[in-house]
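Colleague: Structure in structure tokens, see below.
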Amino acid sequence: MTDVFYRSPASEYPQISHGEGIYLWDTTGKRYLDGASGALVANLGHGRQEIAQAMAAQAGRVAFAHTMRFTSAAQEELAARIARLLPYGLRHTYPVSGGSEATETAIKLARQYFLEIGQPQRFRVLARWASYHGNSLGALSASGHLARRRPYAPLLSDAFAHFPPPDSACPGPGADGECDCTRALRAALEQSDPATVAAILLEPVGGSALSGLVPHDGYFEAVRRIADEYGILLIADEVMTGFGRTGEILGMCHFETAPDLITAAKGLSGGYAPLGAVIAGDRVYGAIRGGSGRFAHGFTYGGHPVACAAGAKALEILEREQLVDNARRMGALLRAGLEDLAQRFPAVQEVRGLGLMQGLVLQTAPNPGAYATRLSDIAFADGLIVYAGSGGPEGVLGDHVLIAPPLVVDAAGVQELLDLLAAAFATLASLVRSDA
Ligand SMILES: Cc1ncc(COP(=O)(O)O)c(C=O)c1O
């Protein structure tokens, strides 16, 4: 009997022992290939002593000093590294402790920006159906993932409106630069009264709600144009895609579209510490700095020196080992292998994604999520971790999995992952046959 309130209290969990590179071991000695980097978190691989030492050194000097009163060398270094790495003038880092906190922060920052520039009527946020931005109530209100929203629907805010995700079958923009996908955004804006909208919040590549969906060419350019036309901020949720996962430093780099704000977490520290951030360009930062001079927001642990030390070291390694390039090269190998797997297993209907963020769309199961969950349970039993998802543009229906090993994976690791995955699909096929 445990005293822990587990995520699923009726379940039993193996106890983690240690990790190294793309592998984890539990306390029975069983080895797992981490084909999902946890939940697209462990980008630098497991067991990096260098990061552990940087955190220990920081904790040994001072573990906590409130950011109301102090900055720290770790926070300054993290922000300086981010400013150097990111394009689009994104160089003002507001550190927090995770993705949901980053979403809450970005929403409030957008709101305050409009207060600062004398447009107090703007507060609404537009986001997409089949999106995920976090589980705290503001972030969940923004999220368009129905299964996660439904139990809490009475608590969600109507300051958020939703429009459909890009259609993967859309032929792209016509001569006017628009398509049905961007017209749906315009329609949602008009319905919400565009003069009250503060921000459009989007994941560059579909994450847990739309495994690997890549918008078609011209989509983000049109979204940016529409945002500008109505004077609205564009926020890119780079919590999963940011810092190399897709083979570019940011997901938005694939679309050459500059957001006003991004949210980041997960890969920012590679999971070595709970760390997230909102990173702003000059437009928003300048309005606060030159206006009231104070962002009316804050979390006790935002800018925690130990978390920032982990993030700074993680970014140093990302650069030194050229892991963004590796994500691009290994992503191409992984993609080719997954497409081959899709030929062999009819359960796989589509392969999509960028770099080391690849999604498999599965045959729709009678119960939402059933195939994806079953596949990931089979794989887990055989020592492979994948990330199961459910839902899609039509609602709760849709099964998919994300395959996203750490960015340090090599060709042998990709092949081992593919072999384990093929074995899991073979088992799934035989179980589904015996159910029928
Ligand atoms: C795109 C995206 N945004 C936000 C979040 C929320 O992050 P966290 O779980 O760290 O609060 C997630 C988590 O999976 C995510 O995938």
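Ordering of the structure tokens sets the chain letters (A, B, ...), residue numbers begin anew at 1 in every chain, and ligands are numbered from 1 in the order given.
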Would you tabulate, counting only C-alpha atoms and all ligand atoms, all residues of chain A that have an atom at most 6 Å from an atom of ligand 1, showing the closest pair of atoms and their distance in Å to one decimal, sorted by chain then ascending number, as a Markdown table?

Modeller:
| residue | atom | partner | partner_atom_place_in_ligand_line | distance |
| --- | --- | --- | --- | --- |
| A:Gly98 | CA | ligand 1 | 10 (O) | 4.0 |
| A:Gly99 | CA | ligand 1 | 7 (O) | 3.2 |
| A:Ser100 | CA | ligand 1 | 11 (O) | 3.5 |
| A:Tyr132 | CA | ligand 1 | 2 (C) | 5.4 |
| A:His133 | CA | ligand 1 | 3 (N) | 3.6 |
| A:Gly134 | CA | ligand 1 | 6 (C) | 3.6 |
| A:Glu203 | CA | ligand 1 | 1 (C) | 5.9 |
| A:Gly207 | CA | ligand 1 | 16 (O) | 5.5 |
| A:Ser208 | CA | ligand 1 | 16 (O) | 5.7 |
| A:Asp237 | CA | ligand 1 | 1 (C) | 5.6 |
| A:Val239 | CA | ligand 1 | 2 (C) | 4.8 |
| A:Met240 | CA | ligand 1 | 1 (C) | 5.1 |

Colleague: Pull N, CA and C atoms from the residues just selected and write them as a short mmCIF file (atom, residue, chain, number, x, y, z; two decimals), in the first residue's frame.

Modeller:
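result.cif, written as the output of this step:
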data_model
loop_
_atom_site.label_atom_id
_atom_site.label_comp_id
_atom_site.auth_asym_id
_atom_site.auth_seq_id
_atom_site.Cartn_x
_atom_site.Cartn_y
_atom_site.Cartn_z
N GLY A 98 6.99 25.61 -15.55
CA GLY A 98 6.45 24.55 -16.42
C GLY A 98 5.59 25.13 -17.51
N GLY A 99 5.02 24.25 -18.33
CA GLY A 99 4.28 24.70 -19.51
C GLY A 99 2.97 25.39 -19.17
N SER A 100 2.23 24.85 -18.21
CA SER A 100 0.94 25.47 -17.87
C SER A 100 1.17 26.86 -17.29
N TYR A 132 -3.53 21.62 -27.08
CA TYR A 132 -3.31 21.47 -25.64
C TYR A 132 -2.28 22.49 -25.18
N HIS A 133 -2.68 23.25 -24.18
CA HIS A 133 -1.79 24.31 -23.66
C HIS A 133 -1.57 24.20 -22.16
N GLY A 134 -2.10 23.13 -21.53
CA GLY A 134 -1.85 22.96 -20.10
C GLY A 134 -3.12 22.66 -19.34
N GLU A 203 -0.11 26.03 -31.25
CA GLU A 203 1.07 25.16 -31.28
C GLU A 203 1.58 25.12 -32.73
N GLY A 207 0.67 18.75 -30.85
CA GLY A 207 1.32 17.99 -29.79
C GLY A 207 0.43 16.85 -29.32
N SER A 208 0.13 16.85 -28.02
CA SER A 208 -0.57 15.69 -27.46
C SER A 208 -2.00 15.55 -27.99
N ASP A 237 2.93 28.43 -28.85
CA ASP A 237 3.17 27.52 -27.74
C ASP A 237 4.26 26.54 -28.18
N VAL A 239 6.08 24.78 -26.12
CA VAL A 239 6.40 23.93 -24.96
C VAL A 239 6.93 22.57 -25.42
N MET A 240 6.31 21.99 -26.45
CA MET A 240 6.83 20.72 -26.98
C MET A 240 7.85 20.93 -28.08
#

Colleague: With only C-alpha atoms as the counted atoms, please give the residues lying no more than 12 Å from A:Gly392, apart from itself and same-chain residues fewer than 5 positions off, as a VMD selection string.

Modeller: chain A and resid 128 to 132 144 to 147 164 to 168 206 to 213 361 to 362 364 368 to 369 397 to 400

Colleague: For a quick check of understanding, using only C-alpha atoms, which of A:Gly353, A:Ala102, A:Glu50, A:Ala36 has the smallest distance to A:Glu339?

Modeller: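 Smallest separation from A:Glu339 among the options: A:Gly353.
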
Colleague: Might you pull out every residue within 9 Å of A:Ala161, with only C-alpha atoms counted and same-chain residues fewer than 3 positions away left off, and present them as a list of chain:residue names?

Modeller: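 So, after excluding close chain neighbours, the residues are A:Arg124, A:Val125, A:Leu126, A:Ala127, A:Arg128, A:Ser141, A:Ala142, A:Asp158, A:Ala188, A:Leu189, A:Ser192.
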
Colleague: Convert the current residue selection to file output with N, CA and C atoms, as a compact mmCIF listing (two decimals), in the first residue's frame.

Modeller:
# COMPACT_ATOMS: atom_id res chain seq x y z
N ARG A 124 -9.73 38.81 -24.87
CA ARG A 124 -10.03 37.44 -25.31
C ARG A 124 -8.81 36.76 -25.91
N VAL A 125 -8.81 35.43 -25.83
CA VAL A 125 -7.77 34.63 -26.46
C VAL A 125 -8.43 33.64 -27.40
N LEU A 126 -7.94 33.60 -28.62
CA LEU A 126 -8.42 32.60 -29.58
C LEU A 126 -7.39 31.49 -29.70
N ALA A 127 -7.87 30.26 -29.59
CA ALA A 127 -6.98 29.10 -29.75
C ALA A 127 -7.73 28.07 -30.59
N ARG A 128 -7.11 26.93 -30.82
CA ARG A 128 -7.73 25.97 -31.75
C ARG A 128 -8.36 24.80 -31.01
N SER A 141 -8.73 26.31 -20.30
CA SER A 141 -9.74 27.09 -21.02
C SER A 141 -9.25 27.40 -22.43
N ALA A 142 -7.96 27.63 -22.57
CA ALA A 142 -7.39 27.88 -23.90
C ALA A 142 -7.32 26.60 -24.71
N ASP A 158 -15.13 31.76 -20.36
CA ASP A 158 -15.60 32.05 -21.72
C ASP A 158 -14.85 33.23 -22.34
N ALA A 188 -14.11 33.03 -36.58
CA ALA A 188 -14.11 32.99 -35.11
C ALA A 188 -13.81 34.37 -34.54
N LEU A 189 -12.92 35.10 -35.21
CA LEU A 189 -12.59 36.46 -34.75
C LEU A 189 -13.80 37.37 -34.84
N SER A 192 -16.25 36.72 -32.18
CA SER A 192 -15.81 37.11 -30.83
C SER A 192 -15.74 38.62 -30.67

Colleague: Excluding A:Phe70 and its own-chain neighbours fewer than 5 positions away, which residues fall within 10 Å of it when counting only C-alpha atoms? Please give them as a ChimeraX atom specification.

Modeller: /A:64-65,303

Colleague: State, in Å with one decimal place, the distance from atom CA of A:Gly38 to atom CA of A:His254.

Modeller: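 Straight-line distance from atom CA of A:Gly38 to atom CA of A:His254 works out to 24.1 Å.
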
Colleague: Find the spatial neighbours of A:Ala327, counting only C-alpha atoms, within a cut-off of 9 Å - ignore same-chain residues fewer than 2 positions away - and output them as a ChimeraX atom specification.

Modeller: /A:244-248,322-325,329-332,355-357,406-409

Colleague: Would you list, as a count of residues only, the residues of stretch 64-113 of chain A that end up in strand (DSSP E or B) under DSSP run on this structure's backbone?

Modeller: 5

Colleague: With distances taken over only C-alpha atoms, which of A:Phe345, A:Tyr387, A:Tyr6, A:Phe114 is nearest to A:Ser430?

Modeller: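 Comparing A:Phe345, A:Tyr387, A:Tyr6, A:Phe114 against A:Ser430, the winner is A:Phe345.
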
Colleague: Return the single residue from A:Ser11, A:Ala422, A:Glu238, A:Ala280 that is closest to A:Ile378, with distances computed using only C-alpha atoms.

Modeller: A:Ala422

Colleague: One number please: atom CA of A:Ala79 to atom CA of A:Leu250, in Å, one decimal.

Modeller: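 Atom-to-atom, atom CA of A:Ala79 and atom CA of A:Leu250 are spaced 15.9 Å apart.
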
Colleague: Please list as a list of chain:residue names every residue within 8 Å of A:Gly271, counting only C-alpha atoms and excluding residues in the same chain fewer than 3 positions away.

Modeller: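 The filter keeps A:Val41, A:Ala42, A:Asn43, A:Lys266, A:Gly267, A:Leu268, A:Pro274, A:Leu275.
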
Colleague: Go ahead and write the residues just picked, C-alpha atoms, as a PDB file, in the first residue's frame.

Modeller:
ATOM      1  CA  VAL A  41      10.823  16.470 -22.170  1.00  0.00           C
ATOM      2  CA  ALA A  42      14.134  14.579 -21.844  1.00  0.00           C
ATOM      3  CA  ASN A  43      15.637  16.141 -24.977  1.00  0.00           C
ATOM      4  CA  LYS A 266       9.960  20.624 -21.319  1.00  0.00           C
ATOM      5  CA  GLY A 267      13.095  20.607 -23.514  1.00  0.00           C
ATOM      6  CA  LEU A 268      14.249  23.932 -22.070  1.00  0.00           C
ATOM      7  CA  PRO A 274      10.766  22.022 -13.511  1.00  0.00           C
ATOM      8  CA  LEU A 275      11.377  24.991 -15.786  1.00  0.00           C
TER       9      LEU A 275
END

Colleague: Where does DSSP see alpha helix (DSSP H) in stretch 299-427 of chain A, if you list the residues as number ranges by chain?

Modeller: A: 305-320, 323-344, 370-381, 411-427

Colleague: Just checking: using only C-alpha atoms, which residue out of A:Gln415, A:Arg225, A:Pro305, A:Glu178 ends up closest to A:Thr71?

Modeller: A:Pro305

Colleague: Figure out the distance between atom CA of A:Pro393 and atom CA of A:Val351, please, to one decimal in Å.

Modeller: 16.7 Å

Colleague: Using only C-alpha atoms, which of A:Gly389, A:Phe163, A:Arg344, A:Cys253 sits nearest A:Glu190?

Modeller: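 Closest to A:Glu190 of all the choices is A:Phe163.
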
Colleague: Of the residues A:Ala39, A:Asp193, A:Met55, A:Arg328, which is the one nearest to A:Ala273, using only C-alpha atoms?

Modeller: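 Counting only C-alpha atoms, the residue closest to A:Ala273 is A:Met55.
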